[in-house]
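**Q** Please read through the structure below; I'll follow up with questions.
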Amino acid sequence: MTSPGGFWMPVEGSTGAAAVDSVFSLVFWVAAFFFVLIVALMVAFVVRYRRRPGRLDAEASPSHNTPLELTWTLIPIAIVIVIFVWGFKVYLDANTPPANAYEISVTGQKWKWLFTYPNGHVDENLHVPVDTPVLLVMTSEDVIHGFYIPAFRLKRDVVPGRYSKVWFRAVKPGDYQIYCTQYCGTGHSDMWAKVVVHPPGGFERWLEQASNFLKTLPPAEAGQRLAVTRGCAQCHSVDGTAGTGPTWKGLFGSHVPLQGGRVMTADEDYIRNCILDPTKNVPLGFQPVMPTFKGRIRDDEITAIIAYIKSLK
Amino acid sequence: MTGSESGTAGFGTGGNALGRDNYLNHERGVRSWLLTRDHKRIGVMYLVAILSSFFLGGIFAELIRTKLWTPGNSPLMTANTYDQMFTLHGAIMIFLFVIPGIPASLGNFVLPLMLGAQDVAFPRLNLASFYFWIGGAALALISMVTGAVDTGWTFYTPYSTTTNSNVILMVAGVFVLGFSSIFTGLNFVVTIHKLRPAGMTWFRMPLFLWGIYGTAIIQILATPVLGITLLLLIAERALGIGIFDPALGGDPVLFQHFFWFYSHPAVYIMILPAMGVISELVSVFSRKHIFGYSFIALSSIAIAVLSFLVWGHHMFVAGQSTLSSMIFSFLTFMVAIPSAVKVFNWLATMYKGSIWLATPMLYVLSFLFLFGIGGLTGLFLGALAVDVHLHDTYFVVAHFHYVMFGGTVIAFLGGLHYWWPKMFGRMYSEFWGRIGALLVFVGFNTTFFTQFVMGSHGAPRRSYHYQMQFEPYHRLSTIGAYILGFGFLVIAAYLVHSLFRGRPAPANPWGGATLEWRTSSPPPHDNFAVTPEAGDPYDVEAWRWDGAIGGYVQREPAPQPASP
Amino acid sequence: MADTRTHAVAHHFDDAEQQREAGKLGMWIFLATEILLFGGLFCAYAVYRSNHPEVFIYAHRFLDPSLGALNTAVLICSSFTMALAVRAAQLGRRRQLVGLLGATIALAVCFLGVKGIEYERKWKEGLLWGARFHAKLAPAPPALPQTLPPVPPAEGEERSLIPPAATGPSGLARPGRAEVAEGAQGPPHDVQMFFAVYFMMTGLHGVHVIVGIVLLGWMMVRARRGEFGPEYATPVDLAGLYWHLVDLIWIFLFPLLYLIR
């Protein structure tokens, strides 16, 4: 993890961060000036005019002064308009992605982020090339999440049923934190991920290697990755507790009682059928709610998942 | 008109009515309290009720802060319990304490007295409002026992429509509380319109009443929208109408628009009466006429109007259009102006005064300091680009608490100490009063200033787990919370003590020029033996200190109007 | 101010005039809150109608405008009898007042009866809100495409030429809704949204009608006891204001729901 940054703000990891920080400093100094002014006047008045023997009554002074009051109405108006304009300008830039941005799609779900790269690879962390505009197209599978990278000063709610877009250009290779900022339930505070900013050339190498994990990893490990990135783990636990679907622990080779009274042995064919045609053989005690993966999953991926289920004794 | 005879407490005796007929002993028995239509008794019942809620919400806050001592799992509570805790802390503090807070307790007690009236316009409706509050609170408590809500006090869809907790009951409770709020607001508007005494024009009304009036307008206009929002949420959960469900063509973000259309004005429901209290206190304890009366009064109305036009600043990162974000950002900056005007006017009131650092004035100074920080940090959140970074982090939590606690609760405490002698006829210990004010000030800053720093570094709010880098901030904040809690225990102790052992209070212990100080402490059942004549509410210099009675007397007795 | 009647001026008012004015102001403010309560629903209506105009145009045909028009007429008549009742109360004509209040209540019950017939039809046909909607709309809507067509690769060089495998979220969102809605043959999607709005609006209005019946019934009891007269008719007056508002809201609901063009 990179250094924590200054007293107020974290490290500036993107081109947008510097612009936001300049607005922050402007507002900070305006606020500090007025705060010191208010408190200094308050303290000075209390010391000078405090009630004491010989000063039981107030001195005569006017009860209003319209020009003065107009002054301290109009000057703040002028100041806030400056802040408003600058803040809006930076916001506008942050919301206008360049035309050639590299597009990665982001899915929020309880409680993790999934990043899908243009070649179809799905990863739990966001890997990006340095100095390249990256456009994130984000949506949610369940409730509203908030996608937040403090180092990039970037945040956007991720809403089910619509796509939100943000973009950034990272300036320095390194790891940066991703949070969920829109409260989404028990695991909300665990919805962490990392942005890995790769040096020039590094991103392409990483993507190539990561996309081939079916070939480079042992099948069971590759299956475990798939179970997470393909959303299997949302309904199928691996610790023996029944979720929306039956647990995978000890599943392979067991006798599964089905709806309609049949019993089947959970072998390779059974699992394959369940993935491709889930409503055909529904286990007893579960609803036929699993979506079909026909056309959405490749044969070698199914093989890897079966290998993973086999490993869960 | 029973009781009026003994209520004619002359100022020669100090105007204390404890041994005589007053509203506290006019009728006896629990029944006479529960069925009372006397605004003073309803105000006191509200006071007890909201302070109980404050205590409960405070317990939750201390538990949350204790958990946050460690970044990881805590034996104290699971993540799910933590979610329920912060939801209940928020919901109880907002809906049961801060929104009714000043208007329903202090406002109910003081408003008719300030008008020289015998009661609010609709005393029965006033009592009904209290029982709606009790009903709403009961529903909220039942929901707590039967499956406490874990949605956050904002009930955002679709989380709130899919979670397993008892959302319907909690939301129904808030719906019922809305009636309570509407009835109070309606009553106050009619009372101010129709029961002002002869001689009290709009611009000779005490500024506390302007604050209450602005609040009442917001309560009337905004609460029904919350009502329909909550009904839709209940219908969504119970019947699945699909208005907020994207799977059925609904829009979950529409809920946020509806919710904040109420809840942003609602923060001004919370702060406007507080500003009214400060306006009273700063004049009385500077022994000087308020500076710039009409600017303060009109700024209350400006805030009330503008508060309806800024709800979108809660959705800068929710995906609303750039154009609407721009408009909402601009209007948000505009709503800052009236608040700034008030602060400058209060400072100008202190200028050349004779500043009496009694406990209520310490709360005024505390308010100026804390509300100053709260208001100025609002500028960060109004600036679009910066808000994107700070939104939903601890920075917002800190800002909100600086405004709501540093503003409203501090002003409430100031008002409570100011009107306490009038309400119960006893003075509290000035020494302990100052200690309490100091503890609250120190504890509060320790708790929440650290959260600004944490937030600007990106710590997301509502988090059970947090990164190690935030541990020192969280620990400091927790220590502050304990100091704050201790401060409240001190305050509670000496206030309760004063009820039994306090020095009997004179009619006008602070030298206020508003009408409530012209009747005995505590007031008689019918408020005034002789209807007082309304004058300049800030002519505090017409009152001088009388050491013999330990209070203020008029320099030249005002000509008493002939008895009708 | 020696008022010896049962409804003396409450102790905190100067005179009957002040009390009456306070009551009226209070009622007007209350009516404002009612309008804002419905205002939320009107906003929801506006949002969804502008988001899905085709749904509203399609679905409103399932409502029966003649029943709606009948109910409008019924409510306008009831407003008329209510206005006459207020006048009777102010003139102290007790029997006339009781009769007119009775007529108003009867018309209100009639309104609810017609509404009940309409609800029952919708229930039978499954034209219900959100999750409960199960009507068979003819002709059947074309099946949802299971996946989006692959996005054609853009011109940027960085973009991979392999089409994305993950085709958007498979959760609550239903991509492709807009494309289907374009096709004019079948019924549009999310027809249930219209009925959600319809049932919320008319349901909330119906609750107000029921409250009105209770209120007018109470007025009738008090009128029989002879509580009202030229000096004291405020409660009837206020109940009348409430009833007119309930009618007025229906006057808006009728064209918005039944007569969409």
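Letters for chains follow the order of the structure tokens (A, B, ...), residue numbers begin at 1 for each chain, and ligand numbers begin at 1 in the order shown.
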Give me, as CSV, the closest atom pair and its distance (Å, one decimal) for every residue of stretch 70-169 of chain A within a cut-off of 10 Å of stretch 248-251 of chain B, counting only C-alpha atoms, rows sorted by chain and rising number.

**A**
residue,atom,partner,partner_atom,distance
A:Val159,CA,B:Asp251,CA,9.5
A:Pro160,CA,B:Asp251,CA,9.1
A:Gly161,CA,B:Asp251,CA,8.2
A:Arg162,CA,B:Asp251,CA,9.4

**Q** If you count only C-alpha atoms, which residues fall within 10 Å of stretch 152-163 of chain B, apart from same-chain ones fewer than 3 positions away, as a PyMOL selection string?

**A** (chain A and resi 142-145+159-160+182-185) or (chain B and resi 83-95+149+166-168+170-171+230+233-238+240+244-246+251-256+259-260+263+462)

**Q** Just the residues within 9 Å of stretch 106-119 of chain C, please, counting only C-alpha atoms, with nothing from its chain fewer than 3 positions along; format it as an NGL selection string.

**A** :C and (63-64 or 67-68 or 70-72 or 74-75 or 77-78 or 101-103 or 122-124 or 199 or 202 or 206 or 209-210 or 212-213)

**Q** Could you write out that same residue set with C-alpha atoms as a PDB file, in the first residue's frame?

**A**
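Wrote selection_5.pdb, looks like this:
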ATOM      1  CA  LEU C  63     -59.761   1.024 -16.937  1.00  0.00           C
ATOM      2  CA  ASP C  64     -63.444   1.632 -17.591  1.00  0.00           C
ATOM      3  CA  LEU C  67     -67.400   3.815 -14.330  1.00  0.00           C
ATOM      4  CA  GLY C  68     -64.825   6.503 -13.676  1.00  0.00           C
ATOM      5  CA  LEU C  70     -70.009   7.794 -13.001  1.00  0.00           C
ATOM      6  CA  ASN C  71     -67.888   8.091  -9.876  1.00  0.00           C
ATOM      7  CA  THR C  72     -66.880  11.612 -10.826  1.00  0.00           C
ATOM      8  CA  VAL C  74     -71.304  10.903  -7.798  1.00  0.00           C
ATOM      9  CA  LEU C  75     -68.592  12.841  -6.030  1.00  0.00           C
ATOM     10  CA  CYS C  77     -73.138  15.583  -6.388  1.00  0.00           C
ATOM     11  CA  SER C  78     -71.830  14.787  -2.920  1.00  0.00           C
ATOM     12  CA  LEU C 101     -75.278  14.877   5.653  1.00  0.00           C
ATOM     13  CA  GLY C 102     -77.019  11.538   5.177  1.00  0.00           C
ATOM     14  CA  ALA C 103     -77.227  12.141   1.421  1.00  0.00           C
ATOM     15  CA  LYS C 122     -58.926  -5.928 -11.929  1.00  0.00           C
ATOM     16  CA  TRP C 123     -58.437  -8.617  -9.317  1.00  0.00           C
ATOM     17  CA  LYS C 124     -60.092 -11.256 -11.466  1.00  0.00           C
ATOM     18  CA  PHE C 199     -53.795   1.217  -6.962  1.00  0.00           C
ATOM     19  CA  THR C 202     -56.997   5.347  -5.869  1.00  0.00           C
ATOM     20  CA  GLY C 206     -60.344   5.515  -1.037  1.00  0.00           C
ATOM     21  CA  VAL C 209     -63.241   8.682   1.431  1.00  0.00           C
ATOM     22  CA  ILE C 210     -63.673   6.192   4.289  1.00  0.00           C
ATOM     23  CA  GLY C 212     -64.673  11.251   5.307  1.00  0.00           C
ATOM     24  CA  ILE C 213     -67.631   8.909   5.868  1.00  0.00           C
TER      25      ILE C 213
END

**Q** Any idea what's packed within 10 Å of A:Thr265, counting only C-alpha atoms, ignoring anything in its chain fewer than 5 positions away? Could you give it as a ChimeraX atom specification?

**A** /A:251-257,270-271

**Q** Could you find all residues in stretch 148-280 of chain A that DSSP calls helix (DSSP H, G or I) from the backbone, and write them as a ChimeraX atom specification?

**A** /A:150-152,188-190,202-211,213-216,219-229,232-234,268-276

**Q** Given the selection you just returned, output its residues as a file containing C-alpha atoms, formatted as a PDB file, in the first residue's frame.

**A**
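Saved to part23.pdb:
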ATOM      1  CA  PRO A 150      -9.875   7.572  -2.198  1.00  0.00           C
ATOM      2  CA  ALA A 151      -6.516   7.996  -3.906  1.00  0.00           C
ATOM      3  CA  PHE A 152      -8.256   8.883  -7.169  1.00  0.00           C
ATOM      4  CA  HIS A 188     -20.458  -3.810   3.697  1.00  0.00           C
ATOM      5  CA  SER A 189     -17.233  -2.985   5.505  1.00  0.00           C
ATOM      6  CA  ASP A 190     -15.471  -6.024   3.999  1.00  0.00           C
ATOM      7  CA  GLY A 202       2.970  -4.584 -17.209  1.00  0.00           C
ATOM      8  CA  PHE A 203      -0.773  -4.477 -17.596  1.00  0.00           C
ATOM      9  CA  GLU A 204      -0.817  -6.368 -20.894  1.00  0.00           C
ATOM     10  CA  ARG A 205       1.479  -9.040 -19.444  1.00  0.00           C
ATOM     11  CA  TRP A 206      -0.700  -9.387 -16.379  1.00  0.00           C
ATOM     12  CA  LEU A 207      -3.915  -9.638 -18.383  1.00  0.00           C
ATOM     13  CA  GLU A 208      -2.519 -12.308 -20.644  1.00  0.00           C
ATOM     14  CA  GLN A 209      -1.303 -14.381 -17.724  1.00  0.00           C
ATOM     15  CA  ALA A 210      -4.428 -13.885 -15.628  1.00  0.00           C
ATOM     16  CA  SER A 211      -6.764 -14.755 -18.495  1.00  0.00           C
ATOM     17  CA  PHE A 213      -5.442 -19.188 -15.356  1.00  0.00           C
ATOM     18  CA  LEU A 214      -7.280 -22.301 -16.544  1.00  0.00           C
ATOM     19  CA  LYS A 215      -4.040 -23.418 -18.104  1.00  0.00           C
ATOM     20  CA  THR A 216      -1.575 -22.071 -15.573  1.00  0.00           C
ATOM     21  CA  PRO A 219      -7.817 -27.327 -12.063  1.00  0.00           C
ATOM     22  CA  ALA A 220      -9.218 -27.231  -8.522  1.00  0.00           C
ATOM     23  CA  GLU A 221      -7.697 -23.807  -7.854  1.00  0.00           C
ATOM     24  CA  ALA A 222      -8.932 -22.507 -11.198  1.00  0.00           C
ATOM     25  CA  GLY A 223     -12.370 -23.870 -10.307  1.00  0.00           C
ATOM     26  CA  GLN A 224     -12.280 -22.014  -7.016  1.00  0.00           C
ATOM     27  CA  ARG A 225     -11.608 -18.754  -8.856  1.00  0.00           C
ATOM     28  CA  LEU A 226     -14.441 -19.463 -11.236  1.00  0.00           C
ATOM     29  CA  ALA A 227     -16.822 -20.248  -8.390  1.00  0.00           C
ATOM     30  CA  VAL A 228     -16.215 -16.744  -7.104  1.00  0.00           C
ATOM     31  CA  THR A 229     -16.115 -14.820 -10.375  1.00  0.00           C
ATOM     32  CA  CYS A 232     -21.566 -19.750  -7.801  1.00  0.00           C
ATOM     33  CA  ALA A 233     -20.311 -18.987  -4.293  1.00  0.00           C
ATOM     34  CA  GLN A 234     -23.205 -16.599  -3.726  1.00  0.00           C
ATOM     35  CA  GLU A 268     -19.449 -35.359 -13.213  1.00  0.00           C
ATOM     36  CA  ASP A 269     -22.450 -35.633 -15.524  1.00  0.00           C
ATOM     37  CA  TYR A 270     -24.906 -34.686 -12.821  1.00  0.00           C
ATOM     38  CA  ILE A 271     -22.975 -31.500 -12.000  1.00  0.00           C
ATOM     39  CA  ARG A 272     -22.536 -30.631 -15.635  1.00  0.00           C
ATOM     40  CA  ASN A 273     -26.283 -31.016 -16.204  1.00  0.00           C
ATOM     41  CA  CYS A 274     -27.058 -28.915 -13.168  1.00  0.00           C
ATOM     42  CA  ILE A 275     -24.939 -26.075 -14.539  1.00  0.00           C
ATOM     43  CA  LEU A 276     -26.371 -26.178 -18.042  1.00  0.00           C
TER      44      LEU A 276
END
